[in-house]
Structure formats: C-alpha cells, structure tokens
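As stored in input_4.cif (mmCIF, C-alpha atoms):
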data_my_file
loop_
_atom_site.group_PDB
_atom_site.id
_atom_site.type_symbol
_atom_site.label_atom_id
_atom_site.label_comp_id
_atom_site.auth_asym_id
_atom_site.auth_seq_id
_atom_site.Cartn_x
_atom_site.Cartn_y
_atom_site.Cartn_z
ATOM 1 C CA MET A 1 0.000 0.000 0.000
ATOM 2 C CA ARG A 2 0.894 3.638 -0.245
ATOM 3 C CA ILE A 3 0.755 5.127 3.245
ATOM 4 C CA ASN A 4 1.139 8.750 4.325
ATOM 5 C CA VAL A 5 2.131 9.214 7.980
ATOM 6 C CA ILE A 6 1.590 12.622 9.571
ATOM 7 C CA GLY A 7 3.751 13.386 12.602
ATOM 8 C CA GLY A 8 7.468 13.005 13.260
ATOM 9 C CA GLY A 9 7.235 12.248 16.968
ATOM 10 C CA ALA A 10 8.069 8.915 18.595
ATOM 11 C CA ILE A 11 5.007 7.023 17.351
ATOM 12 C CA GLY A 12 5.140 8.560 13.883
ATOM 13 C CA LEU A 13 8.790 7.609 13.468
ATOM 14 C CA LEU A 14 8.199 4.086 14.815
ATOM 15 C CA ILE A 15 5.251 3.413 12.513
ATOM 16 C CA THR A 16 7.079 4.849 9.511
ATOM 17 C CA ALA A 17 10.108 2.648 10.134
ATOM 18 C CA LYS A 18 8.093 -0.521 10.746
ATOM 19 C CA LEU A 19 5.584 -0.140 7.918
ATOM 20 C CA GLY A 20 8.251 1.157 5.537
ATOM 21 C CA ARG A 21 9.680 -2.349 5.376
ATOM 22 C CA PHE A 22 6.638 -3.576 3.437
ATOM 23 C CA HIS A 23 4.830 -0.522 2.059
ATOM 24 C CA ASP A 24 5.483 2.736 0.223
ATOM 25 C CA VAL A 25 5.484 5.103 3.208
ATOM 26 C CA ARG A 26 5.938 8.878 3.259
ATOM 27 C CA LEU A 27 6.415 10.823 6.474
ATOM 28 C CA LEU A 28 5.158 14.352 7.001
ATOM 29 C CA THR A 29 7.114 16.221 9.683
ATOM 30 C CA ARG A 30 6.353 19.454 11.489
ATOM 31 C CA THR A 31 9.628 21.139 10.572
ATOM 32 C CA ARG A 32 11.605 21.322 7.366
ATOM 33 C CA GLU A 33 14.787 20.684 9.371
ATOM 34 C CA GLN A 34 13.592 17.260 10.530
ATOM 35 C CA SER A 35 12.363 16.356 7.062
ATOM 36 C CA GLU A 36 15.624 17.285 5.391
ATOM 37 C CA LEU A 37 17.689 15.446 8.020
ATOM 38 C CA ILE A 38 15.763 12.181 7.597
ATOM 39 C CA ALA A 39 15.776 12.525 3.814
ATOM 40 C CA ALA A 40 19.560 12.972 3.848
ATOM 41 C CA GLU A 41 20.581 10.472 6.536
ATOM 42 C CA GLY A 42 17.642 8.081 6.892
ATOM 43 C CA LEU A 43 15.427 7.119 9.791
ATOM 44 C CA LEU A 44 17.255 5.186 12.505
ATOM 45 C CA LEU A 45 15.581 2.371 14.443
ATOM 46 C CA LYS A 46 17.753 0.192 16.689
ATOM 47 C CA GLY A 47 20.852 0.973 14.666
ATOM 48 C CA GLU A 48 19.330 0.140 11.280
ATOM 49 C CA VAL A 49 19.156 3.029 8.808
ATOM 50 C CA ASN A 50 15.979 3.111 6.706
ATOM 51 C CA ALA A 51 15.961 5.381 3.654
ATOM 52 C CA LEU A 52 12.594 7.181 3.628
ATOM 53 C CA GLU A 53 11.090 10.011 1.633
ATOM 54 C CA THR A 54 9.901 12.893 3.820
ATOM 55 C CA LEU A 55 8.284 16.264 3.255
ATOM 56 C CA ALA A 56 7.997 19.340 5.437
ATOM 57 C CA SER A 57 4.663 20.178 6.962
ATOM 58 C CA THR A 58 4.223 23.244 4.750
ATOM 59 C CA ASP A 59 4.275 20.878 1.751
ATOM 60 C CA TRP A 60 1.693 18.415 3.088
ATOM 61 C CA GLN A 61 -0.393 18.426 -0.085
ATOM 62 C CA ALA A 62 2.694 17.371 -2.057
ATOM 63 C CA LEU A 63 2.434 13.966 -0.372
ATOM 64 C CA GLY A 64 -0.139 13.069 -2.989
ATOM 65 C CA GLN A 65 -2.912 10.564 -2.533
ATOM 66 C CA ALA A 66 -2.513 7.347 -0.571
ATOM 67 C CA ASP A 67 -4.418 4.203 0.285
ATOM 68 C CA VAL A 68 -4.199 5.050 3.991
ATOM 69 C CA TRP A 69 -3.333 8.177 5.958
ATOM 70 C CA ILE A 70 -2.114 7.695 9.543
ATOM 71 C CA VAL A 71 -2.271 10.743 11.830
ATOM 72 C CA CYS A 72 0.196 10.490 14.721
ATOM 73 C CA VAL A 73 0.228 14.050 16.054
ATOM 74 C CA LYS A 74 -0.640 15.113 19.591
ATOM 75 C CA GLN A 75 -4.318 15.475 20.353
ATOM 76 C CA TYR A 76 -4.233 19.285 20.378
ATOM 77 C CA ASP A 77 -2.940 19.307 16.775
ATOM 78 C CA VAL A 78 -5.557 16.946 15.346
ATOM 79 C CA GLN A 79 -8.389 19.340 14.535
ATOM 80 C CA PRO A 80 -6.437 21.780 12.311
ATOM 81 C CA ILE A 81 -4.958 18.833 10.420
ATOM 82 C CA TRP A 82 -8.400 17.276 10.087
ATOM 83 C CA GLU A 83 -9.772 20.505 8.614
ATOM 84 C CA LYS A 84 -7.180 20.222 5.827
ATOM 85 C CA LEU A 85 -7.504 16.487 5.293
ATOM 86 C CA LYS A 86 -11.270 16.376 4.957
ATOM 87 C CA LEU A 87 -11.131 18.836 2.075
ATOM 88 C CA HIS A 88 -8.588 16.892 0.019
ATOM 89 C CA VAL A 89 -8.342 13.252 1.136
ATOM 90 C CA LYS A 90 -10.674 10.557 -0.198
ATOM 91 C CA ALA A 91 -9.099 7.515 1.461
ATOM 92 C CA ALA A 92 -9.055 5.771 4.827
ATOM 93 C CA ILE A 93 -7.711 7.937 7.655
ATOM 94 C CA VAL A 94 -6.395 6.401 10.880
ATOM 95 C CA PHE A 95 -6.103 8.552 14.010
ATOM 96 C CA LEU A 96 -3.673 7.392 16.711
ATOM 97 C CA GLN A 97 -3.970 9.706 19.711
ATOM 98 C CA ASN A 98 -4.215 9.630 23.469
ATOM 99 C CA GLY A 99 -7.559 10.793 24.780
ATOM 100 C CA MET A 100 -10.934 10.875 23.049
ATOM 101 C CA ALA A 101 -11.552 14.544 22.271
ATOM 102 C CA HIS A 102 -11.060 13.948 18.546
ATOM 103 C CA THR A 103 -13.991 11.525 18.397
ATOM 104 C CA ASP A 104 -16.421 14.388 19.071
ATOM 105 C CA PHE A 105 -15.565 16.453 15.989
ATOM 106 C CA LEU A 106 -14.698 13.496 13.724
ATOM 107 C CA GLN A 107 -18.322 12.354 13.947
ATOM 108 C CA GLU A 108 -19.823 15.725 13.030
ATOM 109 C CA ASP A 109 -19.785 15.037 9.260
ATOM 110 C CA GLU A 110 -20.503 11.989 7.112
ATOM 111 C CA PHE A 111 -17.946 10.654 4.634
ATOM 112 C CA ASP A 112 -17.921 7.820 2.120
ATOM 113 C CA TYR A 113 -14.472 6.644 3.239
ATOM 114 C CA PRO A 114 -13.561 5.074 6.589
ATOM 115 C CA ILE A 115 -12.515 7.125 9.593
ATOM 116 C CA ILE A 116 -10.639 4.797 11.936
ATOM 117 C CA VAL A 117 -9.409 5.396 15.469
ATOM 118 C CA GLY A 118 -6.664 3.471 17.188
ATOM 119 C CA SER A 119 -4.970 2.756 20.474
ATOM 120 C CA VAL A 120 -1.163 2.395 20.482
ATOM 121 C CA GLU A 121 0.172 0.009 23.112
ATOM 122 C CA HIS A 122 3.812 0.145 22.007
ATOM 123 C CA GLY A 123 6.430 2.060 23.904
ATOM 124 C CA ALA A 124 8.515 4.445 21.813
ATOM 125 C CA LEU A 125 11.029 7.155 22.590
ATOM 126 C CA ARG A 126 12.246 9.740 20.088
ATOM 127 C CA VAL A 127 15.979 9.979 20.768
ATOM 128 C CA ASP A 128 16.526 12.792 18.261
ATOM 129 C CA SER A 129 14.968 14.074 15.032
ATOM 130 C CA ARG A 130 15.843 10.938 13.032
ATOM 131 C CA THR A 131 16.191 8.261 15.720
ATOM 132 C CA VAL A 132 13.489 6.311 17.545
ATOM 133 C CA GLU A 133 13.839 3.592 20.174
ATOM 134 C CA HIS A 134 11.222 0.855 20.408
ATOM 135 C CA THR A 135 10.972 0.637 24.206
ATOM 136 C CA GLY A 136 8.030 -1.735 24.498
ATOM 137 C CA LYS A 137 6.653 -4.182 21.950
ATOM 138 C CA ALA A 138 2.890 -4.676 21.949
ATOM 139 C CA ALA A 139 0.180 -3.912 19.363
ATOM 140 C CA ILE A 140 -1.884 -1.209 17.699
ATOM 141 C CA ARG A 141 -5.649 -1.672 17.988
ATOM 142 C CA LEU A 142 -7.975 -0.179 15.374
ATOM 143 C CA ALA A 143 -11.746 0.262 15.266
ATOM 144 C CA ASP A 144 -14.251 1.906 12.914
ATOM 145 C CA LEU A 145 -15.532 5.281 14.010
ATOM 146 C CA THR A 146 -17.795 6.059 11.057
ATOM 147 C CA GLY A 147 -17.599 3.146 8.605
ATOM 148 C CA ASN A 148 -17.066 -0.580 8.284
ATOM 149 C CA HIS A 149 -13.663 -0.955 6.654
ATOM 150 C CA ALA A 150 -11.259 -1.049 9.605
ATOM 151 C CA GLU A 151 -10.931 -4.830 9.562
ATOM 152 C CA LYS A 152 -9.711 -4.754 5.961
ATOM 153 C CA ILE A 153 -7.132 -2.069 6.824
ATOM 154 C CA VAL A 154 -6.000 -4.095 9.841
ATOM 155 C CA ASN A 155 -5.364 -7.140 7.679
ATOM 156 C CA GLN A 156 -3.320 -5.098 5.202
ATOM 157 C CA LEU A 157 -1.207 -3.423 7.894
ATOM 158 C CA HIS A 158 -0.708 -6.407 10.191
ATOM 159 C CA GLU A 159 2.725 -8.030 10.489
ATOM 160 C CA SER A 160 3.670 -10.724 12.979
ATOM 161 C CA ASP A 161 6.397 -8.582 14.535
ATOM 162 C CA PHE A 162 4.336 -5.362 14.437
ATOM 163 C CA PRO A 163 0.713 -6.427 14.941
ATOM 164 C CA PHE A 164 -2.439 -4.475 14.158
ATOM 165 C CA LEU A 165 -5.561 -5.856 15.845
ATOM 166 C CA PHE A 166 -9.206 -5.208 14.959
ATOM 167 C CA GLU A 167 -11.621 -4.128 17.701
ATOM 168 C CA GLN A 168 -15.400 -4.120 17.301
ATOM 169 C CA ASP A 169 -16.208 -1.259 19.709
ATOM 170 C CA TRP A 170 -14.231 1.974 19.384
ATOM 171 C CA HIS A 171 -15.752 3.446 22.564
ATOM 172 C CA VAL A 172 -14.605 0.550 24.741
ATOM 173 C CA MET A 173 -11.197 0.407 23.047
ATOM 174 C CA LEU A 174 -10.441 4.109 23.449
ATOM 175 C CA GLY A 175 -12.192 4.266 26.808
ATOM 176 C CA LYS A 176 -9.827 1.736 28.350
ATOM 177 C CA LYS A 177 -6.832 3.730 27.131
ATOM 178 C CA LEU A 178 -8.362 7.016 28.246
ATOM 179 C CA ILE A 179 -8.992 5.763 31.770
ATOM 180 C CA ALA A 180 -5.419 4.545 32.112
ATOM 181 C CA ASN A 181 -4.133 7.883 30.824
ATOM 182 C CA ALA A 182 -6.467 9.815 33.120
ATOM 183 C CA VAL A 183 -4.959 8.029 36.110
ATOM 184 C CA ILE A 184 -1.295 7.564 35.238
ATOM 185 C CA ASN A 185 -0.425 10.717 33.301
ATOM 186 C CA PRO A 186 -1.577 13.514 35.621
ATOM 187 C CA LEU A 187 -0.657 11.765 38.872
ATOM 188 C CA THR A 188 2.888 10.910 37.828
ATOM 189 C CA ALA A 189 3.334 14.471 36.548
ATOM 190 C CA ILE A 190 2.014 15.995 39.778
ATOM 191 C CA TYR A 191 3.946 13.655 42.087
ATOM 192 C CA ARG A 192 7.025 13.617 39.793
ATOM 193 C CA VAL A 193 7.388 9.849 40.020
ATOM 194 C CA GLU A 194 7.761 6.849 37.733
ATOM 195 C CA ASN A 195 4.563 4.985 36.886
ATOM 196 C CA GLY A 196 5.200 2.160 39.345
ATOM 197 C CA ALA A 197 5.111 4.489 42.341
ATOM 198 C CA LEU A 198 1.339 4.813 41.968
ATOM 199 C CA LEU A 199 0.901 1.259 43.277
ATOM 200 C CA GLU A 200 3.889 1.211 45.639
ATOM 201 C CA HIS A 201 2.524 3.904 47.959
ATOM 202 C CA PRO A 202 -0.932 3.312 49.508
ATOM 203 C CA ALA A 203 -1.772 7.044 49.482
ATOM 204 C CA PHE A 204 -0.999 7.340 45.761
ATOM 205 C CA GLN A 205 -2.918 4.137 45.053
ATOM 206 C CA LYS A 206 -6.009 5.487 46.836
ATOM 207 C CA ILE A 207 -6.078 8.593 44.640
ATOM 208 C CA ALA A 208 -5.429 6.498 41.532
ATOM 209 C CA TRP A 209 -8.410 4.271 42.346
ATOM 210 C CA VAL A 210 -10.791 7.213 42.797
ATOM 211 C CA LEU A 211 -9.638 8.786 39.521
ATOM 212 C CA CYS A 212 -10.214 5.460 37.784
ATOM 213 C CA LYS A 213 -13.704 5.217 39.264
ATOM 214 C CA GLU A 214 -14.668 8.719 38.125
ATOM 215 C CA ALA A 215 -13.448 8.046 34.590
ATOM 216 C CA ALA A 216 -15.076 4.606 34.365
ATOM 217 C CA ASP A 217 -18.415 5.945 35.625
ATOM 218 C CA THR A 218 -18.300 8.777 33.079
ATOM 219 C CA LEU A 219 -17.594 6.392 30.191
ATOM 220 C CA GLU A 220 -20.075 3.810 31.538
ATOM 221 C CA LEU A 221 -17.436 1.086 31.771
ATOM 222 C CA GLU A 222 -17.186 -1.415 34.633
ATOM 223 C CA GLU A 223 -14.911 0.140 37.251
ATOM 224 C CA LYS A 224 -13.313 -3.025 38.681
ATOM 225 C CA GLN A 225 -12.342 -4.250 35.213
ATOM 226 C CA GLN A 226 -10.894 -0.849 34.393
ATOM 227 C CA TRP A 227 -8.953 -0.706 37.654
ATOM 228 C CA ALA A 228 -7.460 -4.116 36.902
ATOM 229 C CA ASN A 229 -6.402 -2.819 33.474
ATOM 230 C CA VAL A 230 -4.874 0.336 34.985
ATOM 231 C CA CYS A 231 -2.891 -1.761 37.479
ATOM 232 C CA ARG A 232 -1.686 -4.043 34.678
ATOM 233 C CA ILE A 233 -0.420 -1.080 32.669
ATOM 234 C CA ILE A 234 1.270 0.476 35.696
ATOM 235 C CA GLN A 235 3.078 -2.779 36.449
ATOM 236 C CA ALA A 236 4.113 -3.233 32.814
ATOM 237 C CA THR A 237 5.483 0.321 32.619
ATOM 238 C CA LYS A 238 6.586 0.760 36.228
ATOM 239 C CA ALA A 239 10.036 2.115 35.355
ATOM 240 C CA ASN A 240 8.685 4.587 32.768
ATOM 241 C CA LEU A 241 8.055 8.294 32.994
ATOM 242 C CA SER A 242 4.652 9.126 31.552
ATOM 243 C CA SER A 243 4.412 11.391 28.522
ATOM 244 C CA MET A 244 2.694 14.073 30.593
ATOM 245 C CA HIS A 245 5.456 13.886 33.195
ATOM 246 C CA ARG A 246 8.041 14.452 30.455
ATOM 247 C CA ASP A 247 5.976 17.227 28.885
ATOM 248 C CA ILE A 248 5.764 19.125 32.182
ATOM 249 C CA GLN A 249 9.497 18.715 32.779
ATOM 250 C CA SER A 250 10.257 20.061 29.307
ATOM 251 C CA GLY A 251 7.776 22.917 29.450
ATOM 252 C CA ARG A 252 5.706 21.520 26.593
ATOM 253 C CA GLN A 253 1.950 21.615 26.152
ATOM 254 C CA THR A 254 0.234 18.547 27.600
ATOM 255 C CA GLU A 255 -2.773 16.548 26.440
ATOM 256 C CA ILE A 256 -4.709 17.192 29.659
ATOM 257 C CA GLU A 257 -7.641 18.736 27.744
ATOM 258 C CA SER A 258 -8.234 15.578 25.714
ATOM 259 C CA ILE A 259 -7.811 13.263 28.711
ATOM 260 C CA SER A 260 -9.105 14.723 31.980
ATOM 261 C CA GLY A 261 -10.837 17.512 30.038
ATOM 262 C CA TYR A 262 -12.827 14.949 28.056
ATOM 263 C CA ILE A 263 -13.989 13.275 31.272
ATOM 264 C CA ARG A 264 -15.024 16.623 32.751
ATOM 265 C CA LYS A 265 -16.937 17.504 29.572
ATOM 266 C CA HIS A 266 -18.871 14.230 29.430
ATOM 267 C CA ALA A 267 -19.403 13.597 33.159
ATOM 268 C CA LYS A 268 -23.028 13.536 34.285
ATOM 269 C CA LYS A 269 -22.105 14.153 37.925
ATOM 270 C CA ALA A 270 -19.322 15.812 39.884
ATOM 271 C CA VAL A 271 -15.782 14.508 39.293
ATOM 272 C CA PRO A 272 -13.812 16.380 41.993
ATOM 273 C CA TYR A 273 -10.607 14.330 41.767
ATOM 274 C CA THR A 274 -10.525 14.724 37.998
ATOM 275 C CA ASP A 275 -11.100 18.467 38.438
ATOM 276 C CA PHE A 276 -8.181 18.590 40.863
ATOM 277 C CA VAL A 277 -5.652 16.913 38.573
ATOM 278 C CA TYR A 278 -6.937 18.859 35.561
ATOM 279 C CA TYR A 279 -6.340 22.249 37.168
ATOM 280 C CA SER A 280 -3.114 21.051 38.801
ATOM 281 C CA ILE A 281 -1.629 20.144 35.412
ATOM 282 C CA LEU A 282 -2.721 23.473 33.926
ATOM 283 C CA GLY A 283 -1.015 25.262 36.811
ATOM 284 C CA LEU A 284 2.170 23.195 36.612
ATOM 285 C CA THR A 285 2.378 23.815 32.879
ATOM 286 C CA LYS A 286 2.186 27.573 33.343
ATOM 287 C CA GLN A 287 4.707 27.440 36.180
ATOM 288 C CA GLN A 288 7.192 25.438 34.080
ATOM 289 C CA GLU A 289 6.729 27.797 31.140
ATOM 290 C CA ARG A 290 7.726 30.742 33.353
ATOM 291 C CA THR A 291 10.700 28.782 34.702
ATOM 292 C CA ASN A 292 11.945 28.061 31.184
ATOM 293 C CA LEU A 293 11.731 31.716 30.065
#
Translate the structure described by the file into structure tokens.
Amino acid sequence: MRINVIGGGAIGLLITAKLGRFHDVRLLTRTREQSELIAAEGLLLKGEVNALETLASTDWQALGQADVWIVCVKQYDVQPIWEKLKLHVKAAIVFLQNGMAHTDFLQEDEFDYPIIVGSVEHGALRVDSRTVEHTGKAAIRLADLTGNHAEKIVNQLHESDFPFLFEQDWHVMLGKKLIANAVINPLTAIYRVENGALLEHPAFQKIAWVLCKEAADTLELEEKQQWANVCRIIQATKANLSSMHRDIQSGRQTEIESISGYIRKHAKKAVPYTDFVYYSILGLTKQQERTNL
C-alpha cells in the first residue's frame, strides 16, 4: 500500500520505520529541518538506517494521494490537520492519539471513506529528530468510528512482529486507554514519580483508584475491570516516565484537555478528583513555562 504518515514524533517515526519495510510510506514532519535530516541520513531504528522520503509540513499536499493516511500528532494538533484532510483526502484515515476529544468532531460530518481510530500500546522514545527507540513491543488496535472498513485495513497493515488488531467497539477500546491515561499521566506528573510508584505507595494508590472510578463511571465502563487494566499497565510500565510527566518537565503543552478535560466535559455528575488533577496540570504547565523563560 501507499501510506502517508503525519507526525514526526516517537510514534510517527516508529510506525514509519516498521511499515516502511513492506509498504510505500511517506512521512510528514512538522519542521523542514527534521524532514531534510531524515531525507539525507535516513530514519534510525535500533541501529538500522531506513531510507525514507519525507516532506515538510508546509508541503503536506505534495504527499499526494494514498491508500491510507495515519495521523500520529498530539491530540491538540488533530483538529487543524483534520480541517485540511477532509477537504482533500478521499481515502481511509487512521487517528492514533491519546484521549478521546477527537472523536467528538470526527463524527460531526458523514464521509464515504472510513474514519478509523486506534490505540497504540507500544512504547517508543524519540531519541533525536531521526532516531526512535522501540521501548516496548505490543500492538496497535484499530476500530471503525464512522464506517465498516477497519478490519480490511488491519489485515493489510498487520505483520507478525508489528501487529495491528481489529476491535469491534471503538468506545470501549479508546475508553480503556483514556482511563489509564487519566490516572497515570496527571498523577505521575504531579507527584514527579515513575509509573510504578502509583501502586507502591498506599496514598498514591487510593487517589489512583478514585480517579479510575470517576473516569469509568463517566464512560459507563465497569470500574473493577478498568482498575485491573490500569494496574496491569502500571506494572508493565513501572520504570517509565509518563508522557505528561516528560511534557511538564520540558515545558511543553500537555494533552490534559483531551484526557481529563474529556472526562469533565462528558461527566453527568461531579468529578472532583478529575477536576483537581486537571487544574493542577494546567497550573504546573504555566509554572514550568515561566521557569523556562
């Protein structure tokens, strides 16, 4: 297939490198500097250089048409990209983001091509502009948001060493990921700890449980099952720093709006613990921005 990947972050680089082994893949980066570096020196994954064609973000239309577009940008960048894509693209589009905020506006219009949402379970770390480290091997799960073609796309993308798995219910699939993010990301950023600390300290674990319950109730998912999933993810990533933790440390914008903000928007009753972490992350972000000035 011909695949256009949008986003030169950790997940975008990982997917480009893995799928580029079997498909014609083009990578769209935010900056011309990153694009030119990868075009000149290749994309590096575990010491193996992969020669890939890249284009700068200002030249996104020059990518041309593709069988599949995969959007790997942060949640807060999705809507402006979507406004461009829906005017020009007539092929399957896969969105791979944390949070669920994008599902609200992606369902506002009807299209005759599939809109697919996904949940990335892999661990990836962007070492520099052309180098990505695959820190945790798992799978990418895809589900239809507005059509019925995701299973076909899954079969075309799937490889035994880089699996894509089809899910019937996008709400349950993304909801499980959202709940885990709503617990792990803000708490580790606020407490400045690795993921595993949330289960090692009873006080942290108590707050984590209540956050999980608020999120599960909002999404109408069974809270004990979701807590078991959160604990599994914490144990599997116990030595990791969450993306929100790293974003706060680096003074970058976080995805709190699409995670805790989504829960606050859709909650039918008070979610005081979610409110607390939401406003805490907003405050920490502003504080770090001032520190970095």
Subject >> Residues in the PyMOL selection byres ((chain A and resi 123) around 10), expressed as a list in words >> reply: Ala10, Ile11, Leu14, Val120, Glu121, His122, Ala124, Leu125, Glu133, His134, Thr135, Gly136, Lys137, Ala138, Ala139, Thr237 and Asn240 of chain A
Expected file contents, prior selection, C-alpha atoms, as an mmCIF file, keeping the file's coordinate frame:
data_model
loop_
_atom_site.group_PDB
_atom_site.id
_atom_site.type_symbol
_atom_site.label_atom_id
_atom_site.label_comp_id
_atom_site.auth_asym_id
_atom_site.auth_seq_id
_atom_site.Cartn_x
_atom_site.Cartn_y
_atom_site.Cartn_z
ATOM 1 C CA ALA A 10 8.069 8.915 18.595
ATOM 2 C CA ILE A 11 5.007 7.023 17.351
ATOM 3 C CA LEU A 14 8.199 4.086 14.815
ATOM 4 C CA VAL A 120 -1.163 2.395 20.482
ATOM 5 C CA GLU A 121 0.172 0.009 23.112
ATOM 6 C CA HIS A 122 3.812 0.145 22.007
ATOM 7 C CA ALA A 124 8.515 4.445 21.813
ATOM 8 C CA LEU A 125 11.029 7.155 22.590
ATOM 9 C CA GLU A 133 13.839 3.592 20.174
ATOM 10 C CA HIS A 134 11.222 0.855 20.408
ATOM 11 C CA THR A 135 10.972 0.637 24.206
ATOM 12 C CA GLY A 136 8.030 -1.735 24.498
ATOM 13 C CA LYS A 137 6.653 -4.182 21.950
ATOM 14 C CA ALA A 138 2.890 -4.676 21.949
ATOM 15 C CA ALA A 139 0.180 -3.912 19.363
ATOM 16 C CA THR A 237 5.483 0.321 32.619
ATOM 17 C CA ASN A 240 8.685 4.587 32.768
#
**OP:** Evaluate the PyMOL selection byres ((chain A and resi 111) around 9) and record the selected residues as an MDAnalysis selection string, following the chain and residue labels used in the document.
**Re:** chainID A and resid 86 90 109:110 112:115 146:147
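Nearest residue to A:Tyr262 among A:Asp247, A:Ala203, A:Cys212, A:Thr103 is A:Thr103, counting only C-alpha atoms.
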**OP:** Enter the distance from atom CA of A:Ala216 to atom CA of A:Ile116, in Å, rounded to one decimal.
**Re:** 22.9 Å
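With only C-alpha atoms as the atoms that count, the minimum distance from A:Leu63 to the choices A:His88, A:Arg21, A:Lys176, A:Arg246 is reached by A:His88.
Comparing A:Leu13, A:Leu106, A:Ala62, A:Val117 by their smallest distance to A:Trp82, the closest is A:Leu106 (using only C-alpha atoms).
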**OP:** Report as an NGL selection string the residues that result from applying the PyMOL selection byres ((chain A and resi 197) around 12) to the structure here.
**Re:** :A and (184 or 187-189 or 191-196 or 198-205 or 208 or 231 or 234-235 or 237-242)
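Computed from the coordinates, the atom CA of A:Lys152 to atom CA of A:Val68 distance equals 11.4 Å.
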**OP:** Write out as an MDAnalysis selection string the residues lying within 9 Å of A:Thr254, counting all atoms listed in the file and excluding same-chain residues fewer than 3 positions away.
**Re:** chainID A and resid 74 76 243:245 247:248 251 257 281:282 285
Write out, as a compact mmCIF listing (two decimals), in the coordinates of the input, the residues just selected, with C-alpha atoms.
# COMPACT_ATOMS: atom_id res chain seq x y z
CA LYS A 74 -0.64 15.11 19.59
CA TYR A 76 -4.23 19.28 20.38
CA SER A 243 4.41 11.39 28.52
CA MET A 244 2.69 14.07 30.59
CA HIS A 245 5.46 13.89 33.20
CA ASP A 247 5.98 17.23 28.88
CA ILE A 248 5.76 19.12 32.18
CA GLY A 251 7.78 22.92 29.45
CA GLU A 257 -7.64 18.74 27.74
CA ILE A 281 -1.63 20.14 35.41
CA LEU A 282 -2.72 23.47 33.93
CA THR A 285 2.38 23.82 32.88
Subject >> Sel. within 10 Å of pt (-1.7, -1.9, 10.2), counting all atoms listed in the file, output as a VMD selection string >> reply: chain A and resid 15 18 to 19 68 70 94 139 to 142 150 to 159 162 to 166
Give the centre and edge lengths of an axis-aligned box, in Å to one decimal, that holds all listed atoms of stretch 249-266 of chain A with 3 Å on each side, as lines of an AutoDock Vina configuration file.
center_x = -4.3
center_y = 18.1
center_z = 29.2
size_x = 35.1
size_y = 15.7
size_z = 13.1
**OP:** Could you check how far atom CA of A:Val71 sits from atom CA of A:His23, in Å to one decimal?
**Re:** 16.5 Å
Original post:
Got a sec to check which residues sit within 9 Å of (-6.0, 8.9, 23.8), counting all atoms listed in the file, and write them as number ranges by chain?
Top reply: A: 75, 96-102, 118-120, 174-175, 177-178, 181, 255, 258-259
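Residue neighbourhood of A:Ile3, excluding near-sequence residues (fewer than 4 positions): A:Thr16, A:Leu19, A:Gly20, A:His23, A:Asp24, A:Val25, A:Arg26, A:Leu27, A:Gln65, A:Ala66, A:Asp67, A:Val68, A:Trp69, A:Ile70, at 9 Å, using all atoms listed in the file.
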Residue contacts of A:Glu223 (9 Å, all atoms listed in the file) excluding same-chain residues fewer than 4 positions away, as a short mmCIF file (atom, residue, chain, number, x, y, z; two decimals) with C-alpha atoms, keeping the file's coordinate frame:
data_model
loop_
_atom_site.label_atom_id
_atom_site.label_comp_id
_atom_site.auth_asym_id
_atom_site.auth_seq_id
_atom_site.Cartn_x
_atom_site.Cartn_y
_atom_site.Cartn_z
CA CYS A 212 -10.21 5.46 37.78
CA LYS A 213 -13.70 5.22 39.26
CA GLU A 214 -14.67 8.72 38.12
CA ALA A 215 -13.45 8.05 34.59
CA ALA A 216 -15.08 4.61 34.36
CA ASP A 217 -18.42 5.94 35.62
CA TRP A 227 -8.95 -0.71 37.65
CA ALA A 228 -7.46 -4.12 36.90
#
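Distances to A:Val49 were evaluated for A:Val132, A:Glu36, A:Gly64, A:Leu85 using all atoms listed in the file, and the minimum falls at A:Val132.
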